[in-house]
file upload38.txt (compact mmCIF, C-alpha atoms)
# COMPACT_ATOMS: atom_id res chain seq x y z
CA MET A 191 6.66 114.33 12.99
CA LYS A 192 3.45 115.11 11.10
CA LYS A 193 0.30 113.32 12.25
CA ILE A 194 -2.32 111.58 10.09
CA VAL A 195 -5.83 110.39 10.91
CA VAL A 196 -7.26 107.84 8.46
CA LEU A 197 -11.00 107.33 7.97
CA ILE A 198 -12.23 103.96 6.66
CA SER A 199 -15.39 101.93 6.20
CA GLY A 200 -14.12 98.58 4.96
CA SER A 201 -11.14 96.29 4.57
CA GLY A 202 -8.56 99.06 4.67
CA SER A 203 -6.30 97.99 1.82
CA ASN A 204 -5.24 101.59 1.19
CA LEU A 205 -4.73 101.99 4.92
CA HIS A 206 -2.40 99.01 4.77
CA SER A 207 -0.36 100.63 2.01
CA LEU A 208 -0.04 103.80 4.10
CA ILE A 209 0.99 101.83 7.20
CA GLU A 210 3.67 100.08 5.17
CA ALA A 211 4.83 103.43 3.77
CA THR A 212 5.30 104.82 7.29
CA LYS A 213 7.68 101.92 7.95
CA GLN A 214 9.75 102.98 4.96
CA ASP A 215 9.93 106.47 3.44
CA LEU A 216 6.79 108.24 4.68
CA GLN A 217 7.92 110.56 7.45
CA ALA A 218 4.62 110.72 9.31
CA GLN A 219 2.72 108.93 12.03
CA ILE A 220 -0.78 107.52 11.66
CA VAL A 221 -2.16 108.53 15.05
CA ALA A 222 -5.66 107.09 14.70
CA VAL A 223 -7.88 105.08 12.38
CA ILE A 224 -11.61 105.81 12.60
CA SER A 225 -14.39 103.79 10.98
CA ASN A 226 -18.13 104.33 10.72
CA GLN A 227 -18.45 100.52 10.59
CA PRO A 228 -17.48 98.79 13.85
CA ASP A 229 -16.74 95.50 12.08
CA ALA A 230 -14.50 97.00 9.38
CA TYR A 231 -11.42 94.84 8.87
CA GLY A 232 -9.35 98.00 8.55
CA LEU A 233 -9.70 98.41 12.32
CA VAL A 234 -7.99 95.05 12.75
CA ARG A 235 -5.18 96.25 10.50
CA ALA A 236 -4.78 99.32 12.70
CA GLN A 237 -4.73 97.25 15.89
CA GLN A 238 -2.12 94.94 14.41
CA ALA A 239 0.02 98.01 13.69
CA GLU A 240 -0.57 99.29 17.24
CA ILE A 241 -2.51 102.31 15.99
CA PRO A 242 -5.57 103.50 17.95
CA ALA A 243 -8.58 101.96 16.18
CA LEU A 244 -11.91 103.68 16.81
CA SER A 245 -15.43 103.18 15.52
CA LEU A 246 -18.13 105.82 15.40
CA SER A 247 -21.42 104.48 14.07
CA ALA A 248 -23.96 106.86 12.58
CA LYS A 249 -26.90 104.94 14.03
CA PRO A 250 -27.23 106.87 17.33
CA PHE A 251 -27.25 110.24 15.55
CA ALA A 252 -30.37 111.95 14.29
CA SER A 253 -28.72 113.67 11.33
CA ARG A 254 -25.61 113.80 9.18
CA GLU A 255 -24.77 117.13 10.81
CA GLU A 256 -24.83 115.64 14.30
CA TYR A 257 -22.71 112.70 13.22
CA ASP A 258 -20.14 114.86 11.49
CA GLY A 259 -19.94 117.12 14.53
CA ALA A 260 -19.08 114.13 16.68
CA LEU A 261 -16.64 112.88 14.05
CA MET A 262 -14.89 116.26 13.94
CA ALA A 263 -14.55 116.27 17.72
CA LEU A 264 -13.06 112.77 17.64
CA ILE A 265 -10.61 113.60 14.86
CA ASP A 266 -9.55 116.82 16.56
CA GLU A 267 -8.59 114.94 19.71
CA TYR A 268 -5.58 113.73 17.70
CA GLN A 269 -4.71 117.16 16.21
CA PRO A 270 -3.82 115.77 12.78
CA ASP A 271 -1.90 117.63 10.12
CA LEU A 272 -3.73 115.59 7.49
CA VAL A 273 -6.98 113.61 7.31
CA VAL A 274 -6.93 110.78 4.78
CA LEU A 275 -10.13 109.19 3.47
CA ALA A 276 -9.38 105.59 2.55
CA GLY A 277 -12.68 104.07 1.52
CA PHE A 278 -14.77 106.11 3.94
CA MET A 279 -18.25 105.55 2.53
CA ARG A 280 -20.10 108.61 3.74
CA ILE A 281 -20.92 111.92 2.09
CA LEU A 282 -19.43 114.60 4.31
CA THR A 283 -21.25 117.73 5.39
CA ALA A 284 -20.07 121.17 4.32
CA ASP A 285 -19.08 122.10 7.88
CA LEU A 286 -16.74 119.13 8.21
CA VAL A 287 -15.19 119.69 4.79
CA LYS A 288 -14.61 123.37 5.55
CA HIS A 289 -13.08 122.49 8.92
CA TYR A 290 -10.36 120.45 7.19
CA ALA A 291 -10.08 122.49 4.00
CA GLY A 292 -6.70 121.89 2.40
CA LYS A 293 -5.94 119.15 4.94
CA MET A 294 -8.12 116.30 3.68
CA LEU A 295 -7.38 113.88 0.84
CA ASN A 296 -9.52 111.23 -0.85
CA ILE A 297 -8.86 108.51 -3.38
CA HIS A 298 -11.61 107.77 -5.89
CA PRO A 299 -11.72 104.81 -8.29
CA SER A 300 -12.12 106.63 -11.59
CA LEU A 301 -10.33 109.10 -13.78
CA LEU A 302 -12.08 112.17 -12.43
CA PRO A 303 -14.06 114.13 -13.43
CA LYS A 304 -15.40 110.96 -15.05
CA TYR A 305 -17.68 108.82 -12.87
CA PRO A 306 -18.00 110.57 -9.52
CA GLY A 307 -19.95 108.65 -6.91
CA LEU A 308 -20.48 104.90 -6.75
CA HIS A 309 -20.21 101.91 -9.14
CA THR A 310 -17.43 103.44 -11.20
CA HIS A 311 -16.00 100.14 -12.44
CA SER A 312 -19.29 98.78 -13.75
CA LYS A 313 -20.02 102.11 -15.43
CA ALA A 314 -16.66 102.07 -17.20
CA ILE A 315 -17.21 98.52 -18.45
CA LYS A 316 -20.82 99.14 -19.46
CA ASN A 317 -19.81 102.22 -21.44
CA GLY A 318 -17.13 100.31 -23.33
CA ASP A 319 -14.22 102.33 -21.94
CA ILE A 320 -10.79 101.01 -22.88
CA GLU A 321 -9.15 102.61 -19.85
CA HIS A 322 -10.11 103.28 -16.27
CA GLY A 323 -8.17 104.33 -13.22
CA THR A 324 -8.02 106.13 -9.92
CA SER A 325 -7.59 109.71 -8.73
CA VAL A 326 -6.24 111.27 -5.54
CA HIS A 327 -7.80 114.65 -4.86
CA PHE A 328 -8.32 117.27 -2.20
CA VAL A 329 -11.74 117.08 -0.59
CA THR A 330 -14.11 119.98 -1.17
CA GLU A 331 -17.85 120.44 -0.78
CA GLU A 332 -18.45 119.08 -4.28
CA LEU A 333 -18.68 115.27 -4.18
CA ASP A 334 -15.49 113.86 -5.73
CA GLY A 335 -15.00 117.31 -7.23
CA GLY A 336 -11.94 118.67 -5.41
CA PRO A 337 -8.68 119.47 -7.21
CA VAL A 338 -7.12 116.32 -8.65
CA ILE A 339 -3.50 115.72 -7.61
CA LEU A 340 -2.45 112.43 -9.16
CA GLN A 341 -4.10 109.85 -11.38
CA ALA A 342 -3.15 106.36 -12.48
CA LYS A 343 -4.62 104.67 -15.55
CA VAL A 344 -5.27 100.99 -16.16
CA PRO A 345 -6.49 99.22 -19.30
CA ILE A 346 -9.87 97.55 -19.62
CA HIS A 347 -9.60 94.44 -21.80
CA ALA A 348 -12.46 93.08 -23.88
CA ASN A 349 -13.31 90.15 -21.61
CA ASP A 350 -12.53 91.71 -18.24
CA THR A 351 -14.81 91.03 -15.31
CA GLU A 352 -15.58 93.82 -12.87
CA ASP A 353 -13.48 92.08 -10.21
CA GLU A 354 -10.47 92.02 -12.54
CA VAL A 355 -10.79 95.76 -13.18
CA ILE A 356 -11.23 96.44 -9.47
CA GLU A 357 -8.03 94.58 -8.60
CA ARG A 358 -6.11 96.36 -11.34
CA VAL A 359 -7.27 99.73 -10.03
CA LYS A 360 -6.54 98.84 -6.40
CA ALA A 361 -2.97 97.90 -7.28
CA GLN A 362 -2.45 101.42 -8.61
CA GLU A 363 -4.20 103.01 -5.63
CA HIS A 364 -1.75 101.35 -3.28
CA ILE A 365 1.11 102.93 -5.23
CA ILE A 366 -0.10 106.49 -5.73
CA TYR A 367 -1.83 107.26 -2.42
CA PRO A 368 1.37 107.06 -0.33
CA ILE A 369 3.12 109.20 -2.94
CA VAL A 370 0.57 112.00 -2.59
CA VAL A 371 0.52 111.76 1.20
CA GLN A 372 4.30 112.12 1.20
CA TRP A 373 4.05 115.20 -1.02
CA PHE A 374 1.66 116.75 1.48
CA ILE A 375 3.63 115.76 4.57
CA SER A 376 6.82 117.19 3.09
CA GLU A 377 4.94 120.47 2.41
CA ARG A 378 5.38 120.19 -1.36
CA LEU A 379 1.64 119.94 -1.94
CA VAL A 380 -0.96 122.56 -1.01
CA MET A 381 -4.48 123.57 -2.02
CA SER A 382 -5.11 127.23 -2.75
CA ASN A 383 -8.10 128.89 -4.44
CA ASN A 384 -9.53 125.46 -5.24
CA HIS A 385 -6.41 124.39 -7.13
CA ALA A 386 -3.68 121.90 -6.22
CA TYR A 387 -0.09 123.15 -6.25
CA LEU A 388 2.96 120.91 -6.24
CA ASP A 389 6.33 122.60 -5.64
CA GLY A 390 4.61 125.93 -6.28
CA VAL A 391 3.26 124.90 -9.69
CA CYS A 392 -0.49 124.74 -10.29
CA LEU A 393 -1.41 121.25 -11.43
CA ALA A 394 -3.51 120.63 -14.51
CA PRO A 395 -7.16 119.63 -14.02
CA GLN A 396 -6.20 115.96 -14.24
CA GLY A 397 -3.21 116.44 -11.90
CA TYR A 398 -0.11 114.41 -12.57
CA ILE A 399 -0.85 111.20 -14.44
CA ASN A 400 1.13 108.09 -13.55
CA GLU A 401 0.92 105.92 -16.66
call {"tool": "encode", "arguments": {"input": "upload38.txt", "output": "C-alpha cells"}}
result
Amino acid sequence: MKKIVVLISGSGSNLHSLIEATKQDLQAQIVAVISNQPDAYGLVRAQQAEIPALSLSAKPFASREEYDGALMALIDEYQPDLVVLAGFMRILTADLVKHYAGKMLNIHPSLLPKYPGLHTHSKAIKNGDIEHGTSVHFVTEELDGGPVILQAKVPIHANDTEDEVIERVKAQEHIIYPIVVQWFISERLVMSNNHAYLDGVCLAPQGYINE
C-alpha cells in the first residue's frame, strides 16, 4: 500500500477529509502527520485516527534551510510515496521542493494562477469577483505556481462575508483533494517537464475544473 505523509499548520480539515477517504476508497495509508505548530488541532485529528502525529517547530533553527533539512530528514523516516501539504503555512526551500519533485501536492484557495499567496478570499471579494475557488497543484519552486491538476469553482454573492466564502471554498477542497490524491496513488497522475499528466494526457493550464 502506498504511503502518505501530510504536513499541516492548523485545524487539519483537509487532513480529516483524507483520513475519511482512506477509510473508504483511497487505497493508501497516512503514515505520519507533521506540523510546524505544536498546538495545531490537526495533530489531535491524527492521534484520534491512530496516525503518528509529530511537531517540528522552526524556532530552534537559525534558517529556513536548516529547518527544511530537518523536515526532510523527518519525512524521509517514513519513506512516503507522496507528501501532501494541507494548510502547511511555510514557504519551502528549493532543496526541499526538488527532493520531492513530482511527489508533493498542495491545495490553494484560489483559482490559480489568480491570487497566489495569502488572503485570497478577501482579495476576491475586494476585487468584485463573482466566482472564486480552490486549486490542487504539484509543488514546484515557484510559490503556488506548480502545474494545476484540478480546480473547483464557487460563486461569490453580493452580500457574502469573507467567512461565508471561506466555508464555501473549504467544502469544495474536502471533495477534490482526496480525488487528486487517489489519482496519484493509483499512478494515473504524474508530473513531467513541469506539466501535469492524467492518464497520459497533458492537462490544460487550469487542470480539470469541477464545476
call {"tool": "residues_near_point", "arguments": {"input": "upload38.txt", "point": "(-3.7, 115.7, -7.9)", "cutoff": "9 Å", "atoms": "all atoms listed in the file", "output": "PDB file with C-alpha atoms, in the frame of the given file"}}
result
ATOM      1  CA  SER A 325      -7.590 109.710  -8.730  1.00  0.00           C
ATOM      2  CA  VAL A 326      -6.240 111.270  -5.540  1.00  0.00           C
ATOM      3  CA  HIS A 327      -7.800 114.650  -4.860  1.00  0.00           C
ATOM      4  CA  PHE A 328      -8.320 117.270  -2.200  1.00  0.00           C
ATOM      5  CA  PRO A 337      -8.680 119.470  -7.210  1.00  0.00           C
ATOM      6  CA  VAL A 338      -7.120 116.320  -8.650  1.00  0.00           C
ATOM      7  CA  ILE A 339      -3.500 115.720  -7.610  1.00  0.00           C
ATOM      8  CA  LEU A 340      -2.450 112.430  -9.160  1.00  0.00           C
ATOM      9  CA  GLN A 341      -4.100 109.850 -11.380  1.00  0.00           C
ATOM     10  CA  VAL A 370       0.570 112.000  -2.590  1.00  0.00           C
ATOM     11  CA  ALA A 386      -3.680 121.900  -6.220  1.00  0.00           C
ATOM     12  CA  TYR A 387      -0.090 123.150  -6.250  1.00  0.00           C
ATOM     13  CA  LEU A 388       2.960 120.910  -6.240  1.00  0.00           C
ATOM     14  CA  LEU A 393      -1.410 121.250 -11.430  1.00  0.00           C
ATOM     15  CA  ALA A 394      -3.510 120.630 -14.510  1.00  0.00           C
ATOM     16  CA  PRO A 395      -7.160 119.630 -14.020  1.00  0.00           C
ATOM     17  CA  GLN A 396      -6.200 115.960 -14.240  1.00  0.00           C
ATOM     18  CA  GLY A 397      -3.210 116.440 -11.900  1.00  0.00           C
ATOM     19  CA  TYR A 398      -0.110 114.410 -12.570  1.00  0.00           C
ATOM     20  CA  ILE A 399      -0.850 111.200 -14.440  1.00  0.00           C
TER      21      ILE A 399
END
call {"tool": "residues_around", "arguments": {"input": "upload38.txt", "residues": "Gln238 (chain A)", "least_positions_apart": "6", "cutoff": "12 Å", "atoms": "only C-alpha atoms", "output": "number ranges by chain"}}
result
A: 206, 209, 223, 231-232
call {"tool": "atom_distance", "arguments": {"input": "upload38.txt", "atom1": "CA of Asp350 (chain A)", "atom2": "CA of Leu301 (chain A)"}}
result
18.1 Å
call {"tool": "atom_distance", "arguments": {"input": "upload38.txt", "atom1": "CA of His322 (chain A)", "atom2": "CA of Val355 (chain A)"}}
result
8.2 Å
call {"tool": "closest_residue", "arguments": {"input": "upload38.txt", "among": "A:Ser300, A:Gln269, A:Gln217, A:Ser312", "to": "Gly335 (chain A)", "atoms": "only C-alpha atoms"}}
result
A:Ser300
call {"tool": "atom_distance", "arguments": {"input": "upload38.txt", "atom1": "CA of Asp271 (chain A)", "atom2": "CA of Leu208 (chain A)"}}
result
15.2 Å
call {"tool": "residues_around", "arguments": {"input": "upload38.txt", "residues": "Pro270 (chain A)", "least_positions_apart": "4", "cutoff": "7 Å", "atoms": "all atoms listed in the file", "output": "PyMOL selection string"}}
result
chain A and resi 193-195+266
call {"tool": "closest_residue", "arguments": {"input": "upload38.txt", "among": "A:Gln237, A:Asn317, A:Thr351, A:Thr283", "to": "Glu256 (chain A)", "atoms": "only C-alpha atoms"}}
result
A:Thr283
call {"tool": "build_atoms", "arguments": {"input": "upload38.txt", "residues": "region 316-327 of chain A", "atoms": "all heavy atoms", "output": "PDB file, keeping the file's coordinate frame"}}
result
ATOM      1  N   LYS A 316     -19.562  99.031 -18.720  1.00  0.00           N
ATOM      2  CA  LYS A 316     -20.820  99.140 -19.460  1.00  0.00           C
ATOM      3  C   LYS A 316     -20.709 100.128 -20.609  1.00  0.00           C
ATOM      4  O   LYS A 316     -21.295  99.921 -21.675  1.00  0.00           O
ATOM      5  CB  LYS A 316     -21.937  99.574 -18.508  1.00  0.00           C
ATOM      6  CG  LYS A 316     -23.307  99.688 -19.157  1.00  0.00           C
ATOM      7  CD  LYS A 316     -24.361 100.103 -18.146  1.00  0.00           C
ATOM      8  CE  LYS A 316     -25.741 100.229 -18.792  1.00  0.00           C
ATOM      9  NZ  LYS A 316     -26.771 100.646 -17.802  1.00  0.00           N
ATOM     10  N   ASN A 317     -19.940 101.188 -20.410  1.00  0.00           N
ATOM     11  CA  ASN A 317     -19.810 102.220 -21.440  1.00  0.00           C
ATOM     12  C   ASN A 317     -18.752 101.890 -22.484  1.00  0.00           C
ATOM     13  O   ASN A 317     -18.499 102.689 -23.389  1.00  0.00           O
ATOM     14  CB  ASN A 317     -19.495 103.564 -20.799  1.00  0.00           C
ATOM     15  CG  ASN A 317     -20.678 104.123 -20.028  1.00  0.00           C
ATOM     16  OD1 ASN A 317     -21.826 103.785 -20.300  1.00  0.00           O
ATOM     17  ND2 ASN A 317     -20.411 104.985 -19.055  1.00  0.00           N
ATOM     18  N   GLY A 318     -18.118 100.730 -22.339  1.00  0.00           N
ATOM     19  CA  GLY A 318     -17.130 100.310 -23.330  1.00  0.00           C
ATOM     20  C   GLY A 318     -15.813 101.052 -23.255  1.00  0.00           C
ATOM     21  O   GLY A 318     -15.067 101.113 -24.240  1.00  0.00           O
ATOM     22  N   ASP A 319     -15.495 101.618 -22.094  1.00  0.00           N
ATOM     23  CA  ASP A 319     -14.220 102.330 -21.940  1.00  0.00           C
ATOM     24  C   ASP A 319     -13.054 101.365 -22.122  1.00  0.00           C
ATOM     25  O   ASP A 319     -13.120 100.204 -21.690  1.00  0.00           O
ATOM     26  CB  ASP A 319     -14.128 102.971 -20.558  1.00  0.00           C
ATOM     27  CG  ASP A 319     -15.141 104.087 -20.345  1.00  0.00           C
ATOM     28  OD1 ASP A 319     -15.882 104.409 -21.290  1.00  0.00           O
ATOM     29  OD2 ASP A 319     -15.179 104.637 -19.231  1.00  0.00           O
ATOM     30  N   ILE A 320     -11.984 101.846 -22.718  1.00  0.00           N
ATOM     31  CA  ILE A 320     -10.790 101.010 -22.880  1.00  0.00           C
ATOM     32  C   ILE A 320      -9.764 101.292 -21.795  1.00  0.00           C
ATOM     33  O   ILE A 320      -8.751 100.603 -21.697  1.00  0.00           O
ATOM     34  CB  ILE A 320     -10.153 101.180 -24.268  1.00  0.00           C
ATOM     35  CG1 ILE A 320      -9.692 102.630 -24.486  1.00  0.00           C
ATOM     36  CG2 ILE A 320     -11.122 100.739 -25.359  1.00  0.00           C
ATOM     37  CD1 ILE A 320      -8.875 102.823 -25.747  1.00  0.00           C
ATOM     38  N   GLU A 321     -10.016 102.330 -20.992  1.00  0.00           N
ATOM     39  CA  GLU A 321      -9.150 102.610 -19.850  1.00  0.00           C
ATOM     40  C   GLU A 321      -9.993 103.112 -18.691  1.00  0.00           C
ATOM     41  O   GLU A 321     -11.087 103.641 -18.851  1.00  0.00           O
ATOM     42  CB  GLU A 321      -8.035 103.608 -20.193  1.00  0.00           C
ATOM     43  CG  GLU A 321      -8.522 104.996 -20.512  1.00  0.00           C
ATOM     44  CD  GLU A 321      -7.393 105.959 -20.814  1.00  0.00           C
ATOM     45  OE1 GLU A 321      -6.250 105.514 -21.013  1.00  0.00           O
ATOM     46  OE2 GLU A 321      -7.664 107.170 -20.868  1.00  0.00           O
ATOM     47  N   HIS A 322      -9.444 102.900 -17.519  1.00  0.00           N
ATOM     48  CA  HIS A 322     -10.110 103.280 -16.270  1.00  0.00           C
ATOM     49  C   HIS A 322      -8.987 103.726 -15.345  1.00  0.00           C
ATOM     50  O   HIS A 322      -7.845 103.874 -15.778  1.00  0.00           O
ATOM     51  CB  HIS A 322     -10.878 102.070 -15.732  1.00  0.00           C
ATOM     52  CG  HIS A 322     -11.788 102.348 -14.582  1.00  0.00           C
ATOM     53  ND1 HIS A 322     -12.588 103.466 -14.489  1.00  0.00           N
ATOM     54  CD2 HIS A 322     -12.040 101.612 -13.454  1.00  0.00           C
ATOM     55  CE1 HIS A 322     -13.293 103.412 -13.386  1.00  0.00           C
ATOM     56  NE2 HIS A 322     -12.975 102.300 -12.723  1.00  0.00           N
ATOM     57  N   GLY A 323      -9.266 103.935 -14.088  1.00  0.00           N
ATOM     58  CA  GLY A 323      -8.170 104.330 -13.220  1.00  0.00           C
ATOM     59  C   GLY A 323      -8.633 104.839 -11.883  1.00  0.00           C
ATOM     60  O   GLY A 323      -9.746 104.564 -11.425  1.00  0.00           O
ATOM     61  N   THR A 324      -7.768 105.623 -11.262  1.00  0.00           N
ATOM     62  CA  THR A 324      -8.020 106.130  -9.920  1.00  0.00           C
ATOM     63  C   THR A 324      -7.431 107.526  -9.787  1.00  0.00           C
ATOM     64  O   THR A 324      -6.461 107.867 -10.479  1.00  0.00           O
ATOM     65  CB  THR A 324      -7.432 105.177  -8.862  1.00  0.00           C
ATOM     66  OG1 THR A 324      -7.765 105.641  -7.560  1.00  0.00           O
ATOM     67  CG2 THR A 324      -5.928 105.046  -8.990  1.00  0.00           C
ATOM     68  N   SER A 325      -8.010 108.323  -8.907  1.00  0.00           N
ATOM     69  CA  SER A 325      -7.590 109.710  -8.730  1.00  0.00           C
ATOM     70  C   SER A 325      -7.468 110.044  -7.244  1.00  0.00           C
ATOM     71  O   SER A 325      -8.368 109.734  -6.461  1.00  0.00           O
ATOM     72  CB  SER A 325      -8.629 110.677  -9.337  1.00  0.00           C
ATOM     73  OG  SER A 325      -8.920 110.365 -10.674  1.00  0.00           O
ATOM     74  N   VAL A 326      -6.378 110.692  -6.879  1.00  0.00           N
ATOM     75  CA  VAL A 326      -6.240 111.270  -5.540  1.00  0.00           C
ATOM     76  C   VAL A 326      -6.545 112.759  -5.655  1.00  0.00           C
ATOM     77  O   VAL A 326      -6.016 113.435  -6.544  1.00  0.00           O
ATOM     78  CB  VAL A 326      -4.838 111.055  -4.959  1.00  0.00           C
ATOM     79  CG1 VAL A 326      -4.755 111.636  -3.545  1.00  0.00           C
ATOM     80  CG2 VAL A 326      -4.467 109.583  -4.946  1.00  0.00           C
ATOM     81  N   HIS A 327      -7.403 113.249  -4.766  1.00  0.00           N
ATOM     82  CA  HIS A 327      -7.800 114.650  -4.860  1.00  0.00           C
ATOM     83  C   HIS A 327      -8.001 115.248  -3.472  1.00  0.00           C
ATOM     84  O   HIS A 327      -8.230 114.523  -2.491  1.00  0.00           O
ATOM     85  CB  HIS A 327      -9.077 114.793  -5.689  1.00  0.00           C
ATOM     86  CG  HIS A 327     -10.286 114.144  -5.079  1.00  0.00           C
ATOM     87  ND1 HIS A 327     -11.189 114.825  -4.288  1.00  0.00           N
ATOM     88  CD2 HIS A 327     -10.743 112.867  -5.124  1.00  0.00           C
ATOM     89  CE1 HIS A 327     -12.142 114.015  -3.891  1.00  0.00           C
ATOM     90  NE2 HIS A 327     -11.900 112.804  -4.380  1.00  0.00           N
TER      91      HIS A 327
END
